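Asks: If you scroll down you'll find the structure; I have some questions about it.
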Amino acid sequence: MRIFSSRQKRSWYDAFALLWIVIMGLQWVSYTEPVWFQQTTALVAVTLISVAICEMVIPFRTSIRMFFKLILIGFILYYVLSYYGIFIPNGTLSENLTAFIASLNPYVWFAICTWVMMECIIRLITDARKVLMFLGLNIVALGILDSFTPAVLWKEVAWTVFAGMAWLVCLHLRSFQVKYPLGWKRLRRNPFKIVANVIVIFSLIIVAGVNMPIVPPILTDPYTAWVKYRGDIIPTNFSSTGENGNFTNSESGYSREDNQLGGGFNYDYSPVMSINTTDRSYWRGETRDEYSGTGWQEPSSSRRSFDDADLRSELNNDGAATRGNTKEVTQSVTMLNDKVYPVLFGAYAINEVVSVDGESEANTLLWKSEQAELHWDGSRDTPFPKTYTIQSEVPLIPVDTIKAKTYEELYGTDEVNSDYLQIPNRFPERVTELAKEITATSEYPYEKVSLLQNYLTTNFSYTNNPDLSLKQSNDFVDSFLFEIKEGYCDYFSTSLVMMARSLDIPARWVKGYAPGQADFAEDAAFSQINGEMSSMSYVVTNADAHSWAEVYFGEEYGWVPVEATPGFNMPLLTSAEDADPEETPEEEEEVQPEETPEPITDEKDAAFTVSPIIGWTAVSVLILWAGYIIWRNRYMLHFYVLRLRLGKPLTPDQKVVVETERWIRMVRRKGLRREQHETLRESIARWEQEVPVVAAELSELLRQFEMARYSPDHVQENAWQEVQDIAGQMKKRLKSARV
C-alpha cells in the first residue's frame, strides 16, 4: 500500500507525460503506415499504448512492472498475429506454441524495439531541457522526411508540437508542485484557473498559426544548394501521378502518392505490361475521392474495406449500372517489368478473376467493391503476379437517354454519398463560379459535364512541363484554371472532378493507364473471326500512365468515365449505336527538358490545414476569455467611464461613494428600500432591525461611507475593494434571509 500511495502522489504527471509520449509515437506510426504491413502497424501502435498504460496502472517497483510488460507483449503478439492470420491456432497446446514461436520473426523485434524505446524515453526525458531536445529532434526528423520523401507530414509535425508543448506545461506544473507544495495546494482548490489559462495560451497559438501569412524562405536550404551546385535536377514535388512522374522532369509512370500533384516529367517508354483483350479500353487502377487542395488523399485505414476476391467467382460492383446493359470483355495481362503495384489493372468494371499466374486458386487478391478496385495483398509475402486473366462487364452507355435526364430523375430523393461531393473548406469560390458560368445554358447533369469537358479540352493546352512560375494560388485546380492554364492529365482530370462537384454532381478521380500501342509483332496474340479482329494485343508503357474522371449518374447508369485531357480519346461503349473504332490516342511529342522551374515552396504547406472545428473552437475560447477578462475588470471599466465623464481620475473617496451607491441598489432589489426623508444612517438603523443577520456588514459599510464623505483624506486607495468584499458577503447572507 505504501508503494501504491507513493506512486499516486505523482500519478497525474506520469499519466499526462505518458499521454504526450504516446501521441508523439503515434505520429511515427502514421508515417510508417503506408510502408509497413497492416499487422506491423497494428502491433507497434498497440504495444506503444499498452506499455504506457502498464507503466501507469501497475503500482509496483520497476522489476515487477518489467515482468508484467513482458507478459503483456507476449499476449499482444499472440492476438495481433492470430487476428491477421499470420499464426492460426488449430492444434494442441504444444503445436500451437511451436507454430506461434515460428511466426514471431520479424514481428517480435518490432514489439521489443517499441518497448525499449518507450522505456528509454520514460526514464531519460526528465527535465525541460531534455524535453525540448527530444521535441526538436522529432520535429527536425519529420521535417526532413516531409521534404525529401513522398510523405506529407505537416499534420504529424503539428501533433508533435502540440504534445511537446503540453508536456512542457505539465513539467512546469510538476516543478511548481515540488518546489511550492503550499502554493500547489492553493492552486488545487481552483483547478479551473490552471486549465483555463493553458487552453487560452494554446488557443492563441492556434489562431496566430492559422492566420500567419505564408512567407517564402530567405535562405536556401543546404540540400537545394548542394543539388544546384552539382547541377542536378531539383524536384518540385514528391507525389505526382500518372504520366507525370514523382519529380519535376523525372520519368513518367504509375504513381503511389497523389497528394502533391503538379510539376513536370519526361517520357519513359519502358514497357509495363502487354494486354490481350477483346476490346480496347483504359486500364483502370485506383480511385480517389478526397481532394486536399494540392492533390488527392490516400483513404484512411477506417475507410479501407476489402473483401476476398475468389477466382472464378462474380465480384460485387456497387457502383456499376443496375440495368445490366454491359458487354463482356476478357483481358489476359502479362507484366513486363519486376515492379510491384498495389492493384491489378483492367477494364471497368472487373467482374471476375479467371486465373493468376496460370493457377485457378489464389489468396492474394482483395476486392474493393464500391471503387471497383482489384488489390494485390502484399502482406501474404507472395510475388506480384506475372500473368493474370480477368473478365470485365463494361457498361454500355445510353448517351441519348442519359443526356435528357434531370438531376431529380438521376438521383431522386436518395442521398448521394458525400465522399463524392467533398470540397475542401478553403476551395476557391472563383472555381465554382466558373463552373456555373460554363454550364449556365443547360439544366441536365450529363450535358453540364459535357460542357465542362469541352471547356477544358478547347481552352487549355497539353504539356508535360507546365510553366510553374505563373502559379500564385495554393489550390491546385485554381492555379491551373486561372494562372498556369496548361498541363497534363492530372491537371485536367482533377479540374473536371472538382468543377463537377461544385455543381453537386458526384465525381471521383481515377488513375491507371491509357490503352497503349497495338502490338503487330509476329508473335503477338490476336485472332480473327470471319475476317474481323476478335482480340488484339496492346503494349502499355510508363508513358501511357494516365488519370481521368468518373462521374456518377445515379443507380440506373452508375459511374461513367469522362476524358478531359486534350489528345486522349476515351474508348466508350454506347448502347445507342456501335462504338466507332477509336484511333490510338495521339501521343504527345516528346519535349526536350527545359530549364527546371524554381520549386514552389508553399505547396506542402497548403496540404495541411487546421480543421475548421479546431480553428473555431480556438476562436470561441479566446472570445470567452476576453469576455471573462472584461467581466472581471468591469468595476475598473466603470471607473474609467466615470473618469472620462469627469475629465479627471476618481479619488479613493469618490470610488467608495460609487461603490456605496452600487450596494444600495443591490439591497433595494432585495426589498430594503431607502425612504426619501431618511439619511443613510437612519435607513441602515432600520434595516438592521428588519434583517439582523446582515447588521454587522451594514454597520461596516456605513462606516466606510461616512469616512469617505466626511474624512476623505483618511480613505485608503483600495478602500473601494473592501466595500466590494463586504457587500459581497452581505449579498450571500441576504439570499438565505427573509426580507
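We name chains A, B, ... following the order of the C-alpha cells; residues begin at 1 in each chain, and ligands are numbered from 1 as shown.
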Excluding Glu722 of chain A and any residue of its chain fewer than 4 positions from it, enumerate the residues within 12 Å of it, using only C-alpha atoms, and give them as a count of residues only.
Replies: 19
Asks: Near Met498 of chain A, within 10 Å and counting only C-alpha atoms, which residues show up once chain neighbours fewer than 3 positions away are dropped, as a ChimeraX atom specification?
Replies: /A:291,420-424,427,431-432,435,477,493-495,501-509,549
Asks: I need the residue nearest Tyr538 of chain A from this list: A:Tyr282, A:Tyr552, A:Tyr254, A:Phe37. Use only C-alpha atoms for the distance.
Replies: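 Ranking A:Tyr282, A:Tyr552, A:Tyr254, A:Phe37 by distance to Tyr538 of chain A, first place goes to A:Tyr282.
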Asks: List the spatial neighbours of Ile122 of chain A as an mmCIF file with all heavy atoms, in the first residue's frame - criterion: any atom at most 10 Å away, only C-alpha atoms, same-chain residues fewer than 4 positions off excluded.
Replies:
```cif
data_model
loop_
_atom_site.group_PDB
_atom_site.id
_atom_site.type_symbol
_atom_site.label_atom_id
_atom_site.label_comp_id
_atom_site.auth_asym_id
_atom_site.auth_seq_id
_atom_site.Cartn_x
_atom_site.Cartn_y
_atom_site.Cartn_z
ATOM 1 N N ASP A 14 2.716 11.551 -14.316
ATOM 2 C CA ASP A 14 3.058 10.347 -15.072
ATOM 3 C C ASP A 14 2.049 10.088 -16.178
ATOM 4 O O ASP A 14 2.409 9.794 -17.314
ATOM 5 C CB ASP A 14 3.105 9.139 -14.134
ATOM 6 C CG ASP A 14 4.243 9.229 -13.137
ATOM 7 O OD1 ASP A 14 5.177 10.005 -13.391
ATOM 8 O OD2 ASP A 14 4.172 8.550 -12.106
ATOM 9 N N ALA A 17 2.386 12.789 -18.951
ATOM 10 C CA ALA A 17 3.643 12.633 -19.695
ATOM 11 C C ALA A 17 3.572 11.428 -20.625
ATOM 12 O O ALA A 17 3.994 11.498 -21.790
ATOM 13 C CB ALA A 17 4.814 12.492 -18.721
ATOM 14 N N LEU A 18 3.027 10.313 -20.128
ATOM 15 C CA LEU A 18 2.883 9.128 -20.979
ATOM 16 C C LEU A 18 1.916 9.390 -22.131
ATOM 17 O O LEU A 18 2.113 8.895 -23.245
ATOM 18 C CB LEU A 18 2.394 7.951 -20.132
ATOM 19 C CG LEU A 18 3.429 7.373 -19.158
ATOM 20 C CD1 LEU A 18 2.766 6.433 -18.171
ATOM 21 C CD2 LEU A 18 4.531 6.656 -19.910
ATOM 22 N N ILE A 21 3.830 11.299 -24.749
ATOM 23 C CA ILE A 21 4.796 10.415 -25.408
ATOM 24 C C ILE A 21 4.083 9.514 -26.421
ATOM 25 O O ILE A 21 4.568 9.304 -27.539
ATOM 26 C CB ILE A 21 5.554 9.573 -24.356
ATOM 27 C CG1 ILE A 21 6.445 10.470 -23.498
ATOM 28 C CG2 ILE A 21 6.403 8.502 -25.033
ATOM 29 C CD1 ILE A 21 7.068 9.765 -22.308
ATOM 30 N N ALA A 52 2.491 2.091 -22.170
ATOM 31 C CA ALA A 52 2.199 3.321 -21.419
ATOM 32 C C ALA A 52 1.159 3.068 -20.334
ATOM 33 O O ALA A 52 1.303 3.520 -19.192
ATOM 34 C CB ALA A 52 1.725 4.409 -22.376
ATOM 35 N N GLU A 55 2.706 1.011 -17.520
ATOM 36 C CA GLU A 55 3.584 1.841 -16.697
ATOM 37 C C GLU A 55 2.786 2.670 -15.702
ATOM 38 O O GLU A 55 3.255 2.945 -14.590
ATOM 39 C CB GLU A 55 4.411 2.758 -17.612
ATOM 40 C CG GLU A 55 5.326 3.730 -16.895
ATOM 41 C CD GLU A 55 6.505 3.048 -16.228
ATOM 42 O OE1 GLU A 55 6.832 1.906 -16.611
ATOM 43 O OE2 GLU A 55 7.096 3.673 -15.317
ATOM 44 N N VAL A 116 11.472 -1.018 -25.832
ATOM 45 C CA VAL A 116 12.747 -0.462 -25.367
ATOM 46 C C VAL A 116 12.782 1.057 -25.545
ATOM 47 O O VAL A 116 13.225 1.798 -24.655
ATOM 48 C CB VAL A 116 13.916 -1.124 -26.118
ATOM 49 C CG1 VAL A 116 15.226 -0.406 -25.817
ATOM 50 C CG2 VAL A 116 14.027 -2.599 -25.741
ATOM 51 N N MET A 117 12.300 1.538 -26.679
ATOM 52 C CA MET A 117 12.283 2.986 -26.899
ATOM 53 C C MET A 117 11.386 3.692 -25.893
ATOM 54 O O MET A 117 11.721 4.766 -25.383
ATOM 55 C CB MET A 117 11.844 3.289 -28.336
ATOM 56 C CG MET A 117 12.923 3.013 -29.362
ATOM 57 S SD MET A 117 12.522 3.631 -31.016
ATOM 58 C CE MET A 117 11.176 2.553 -31.452
ATOM 59 N N MET A 118 10.224 3.100 -25.583
ATOM 60 C CA MET A 118 9.339 3.692 -24.579
ATOM 61 C C MET A 118 10.025 3.755 -23.218
ATOM 62 O O MET A 118 9.964 4.770 -22.513
ATOM 63 C CB MET A 118 8.050 2.889 -24.482
ATOM 64 C CG MET A 118 7.014 3.233 -25.515
ATOM 65 S SD MET A 118 6.306 4.882 -25.258
ATOM 66 C CE MET A 118 5.384 4.618 -23.749
ATOM 67 N N THR A 126 13.598 13.714 -18.443
ATOM 68 C CA THR A 126 13.125 14.026 -17.092
ATOM 69 C C THR A 126 13.068 15.508 -16.775
ATOM 70 O O THR A 126 12.554 15.881 -15.715
ATOM 71 C CB THR A 126 14.035 13.337 -16.065
ATOM 72 O OG1 THR A 126 15.406 13.734 -16.306
ATOM 73 C CG2 THR A 126 13.928 11.819 -16.177
#
```
Asks: As number ranges by chain, please: every residue in segment 417-529 of chain A that DSSP puts in strand (DSSP E or B).
Replies: A: 461-462, 486-487, 507-513, 517-518, 527-529
Asks: Store the residues picked out above in a file with C-alpha atoms, as a PDB file, in the first residue's frame.
Replies:
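To be explicit, this is the file written out as out-v8.pdb:
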```pdb
ATOM      1  CA  SER A 461      -3.060  23.159 -73.833  1.00  0.00           C
ATOM      2  CA  TYR A 462      -1.304  19.898 -73.029  1.00  0.00           C
ATOM      3  CA  GLU A 486      -1.506  24.355 -69.300  1.00  0.00           C
ATOM      4  CA  GLY A 487      -0.598  20.927 -68.017  1.00  0.00           C
ATOM      5  CA  ALA A 507     -17.449  12.605 -59.314  1.00  0.00           C
ATOM      6  CA  ARG A 508     -14.190  10.865 -58.452  1.00  0.00           C
ATOM      7  CA  TRP A 509     -10.620  10.774 -59.721  1.00  0.00           C
ATOM      8  CA  VAL A 510      -9.172   7.645 -61.352  1.00  0.00           C
ATOM      9  CA  LYS A 511      -5.625   6.687 -62.256  1.00  0.00           C
ATOM     10  CA  GLY A 512      -4.323   3.859 -64.378  1.00  0.00           C
ATOM     11  CA  TYR A 513      -3.086   3.528 -67.968  1.00  0.00           C
ATOM     12  CA  GLN A 517       0.048   0.724 -78.582  1.00  0.00           C
ATOM     13  CA  ALA A 518      -1.298  -2.135 -80.688  1.00  0.00           C
ATOM     14  CA  SER A 527      -7.173 -13.711 -83.790  1.00  0.00           C
ATOM     15  CA  GLN A 528      -9.762 -13.116 -86.474  1.00  0.00           C
ATOM     16  CA  ILE A 529     -13.272 -14.432 -86.883  1.00  0.00           C
TER      17      ILE A 529
END
```
Asks: Could you please determine the separation between atom CA of Glu156 of chain A and atom CA of Gln27 of chain A in Å, to one decimal place?
Replies: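 Separation of atom CA of Glu156 of chain A and atom CA of Gln27 of chain A: 5.2 Å.
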Asks: Applying 9 Å and only C-alpha atoms, which residues near segment 41-47 of chain A remain after dropping the ones on its own chain fewer than 2 positions away? List them as JSON, numbers by chain.
Replies: {"A": [22, 25, 26, 29, 30, 32, 33, 36, 37, 38, 39, 49, 50, 51, 52, 72, 73, 76, 77, 80, 81, 107, 110, 111, 112, 114, 115]}
Asks: Hey, can you check how far atom CA of Asn317 of chain A sits from atom CA of Ala372 of chain A?
Replies: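 Here the two named atoms are 6.1 Å from each other.
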Asks: Here is a test: counting only C-alpha atoms, which residue of A:Pro561, A:Pro191, A:Gly358, A:Gly263 is nearest to Thr287 of chain A?
Replies: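 Smallest separation from Thr287 of chain A among the options: A:Pro561.
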Asks: Using only C-alpha atoms, pick whichever of A:Pro466, A:Pro515, A:Gly412, A:Gly554 has the shortest atom-to-atom distance to Ser537 of chain A.
Replies: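 For Ser537 of chain A, the nearest of the candidates is A:Pro515.
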Asks: What's the separation between atom CA of Gly295 of chain A and atom CA of Leu366 of chain A, in Å to one decimal place?
Replies: 25.5 Å
Asks: Name all residues at most 10 Å from Ser699 of chain A (count only C-alpha atoms; drop same-chain ones fewer than 3 positions away) and give them as an MDAnalysis selection string.
Replies: chainID A and resid 681 684:685 688 694:696 702:704
Asks: Using N, CA and C atoms, can you export the residues from the last selection as an mmCIF file, in the first residue's frame?
Replies:
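In the end it all went to selection-v3.cif:
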```cif
data_model
loop_
_atom_site.group_PDB
_atom_site.id
_atom_site.type_symbol
_atom_site.label_atom_id
_atom_site.label_comp_id
_atom_site.auth_asym_id
_atom_site.auth_seq_id
_atom_site.Cartn_x
_atom_site.Cartn_y
_atom_site.Cartn_z
ATOM 1 N N ARG A 681 -27.719 56.772 7.449
ATOM 2 C CA ARG A 681 -27.598 56.204 8.793
ATOM 3 C C ARG A 681 -28.962 55.755 9.301
ATOM 4 N N ILE A 684 -30.043 52.570 7.458
ATOM 5 C CA ILE A 684 -29.302 51.390 7.898
ATOM 6 C C ILE A 684 -29.772 50.944 9.278
ATOM 7 N N ALA A 685 -30.068 51.922 10.177
ATOM 8 C CA ALA A 685 -30.571 51.558 11.501
ATOM 9 C C ALA A 685 -31.878 50.779 11.379
ATOM 10 N N GLU A 688 -31.157 47.231 9.962
ATOM 11 C CA GLU A 688 -30.571 46.318 10.947
ATOM 12 C C GLU A 688 -31.662 45.674 11.808
ATOM 13 N N VAL A 694 -27.593 40.717 8.702
ATOM 14 C CA VAL A 694 -26.589 41.496 7.971
ATOM 15 C C VAL A 694 -26.257 42.787 8.706
ATOM 16 N N ALA A 695 -26.542 42.869 9.992
ATOM 17 C CA ALA A 695 -26.301 44.102 10.743
ATOM 18 C C ALA A 695 -24.828 44.472 10.762
ATOM 19 N N ALA A 696 -23.942 43.477 10.931
ATOM 20 C CA ALA A 696 -22.505 43.768 11.004
ATOM 21 C C ALA A 696 -22.005 44.346 9.690
ATOM 22 N N LEU A 702 -21.588 51.463 6.408
ATOM 23 C CA LEU A 702 -21.888 52.833 6.810
ATOM 24 C C LEU A 702 -20.626 53.553 7.262
ATOM 25 N N ARG A 703 -19.773 52.838 7.999
ATOM 26 C CA ARG A 703 -18.527 53.464 8.464
ATOM 27 C C ARG A 703 -17.648 53.866 7.289
ATOM 28 N N GLN A 704 -17.537 53.001 6.294
ATOM 29 C CA GLN A 704 -16.716 53.308 5.128
ATOM 30 C C GLN A 704 -17.282 54.516 4.376
#
```
Asks: Find the residues near Leu344 of chain A: any atom within 8 Å, counting only C-alpha atoms, skip ones fewer than 4 places away on the same chain, and give them as a PyMOL selection string.
Replies: chain A and resi 285+373-376
Asks: Taking into account only C-alpha atoms, which residue in the set A:Leu137, A:Arg288, A:Asn337, A:Lys485 is nearest to Trp548 of chain A?
Replies: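 Closest candidate: A:Arg288.
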Asks: Got a sec: who's within 6 Å of Asp268 of chain A, counting only C-alpha atoms, leaving out chain neighbours fewer than 6 positions off, as a list in words?
Replies: Glu251, Ser252, Asn542 and Ala543 of chain A
Asks: With only C-alpha atoms as the atoms that count, which of A:Thr565, A:Ser683, A:Ser547, A:Thr463 lies nearest to Tyr267 of chain A?
Replies: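 That would be A:Thr463, the residue with the smallest distance to Tyr267 of chain A.
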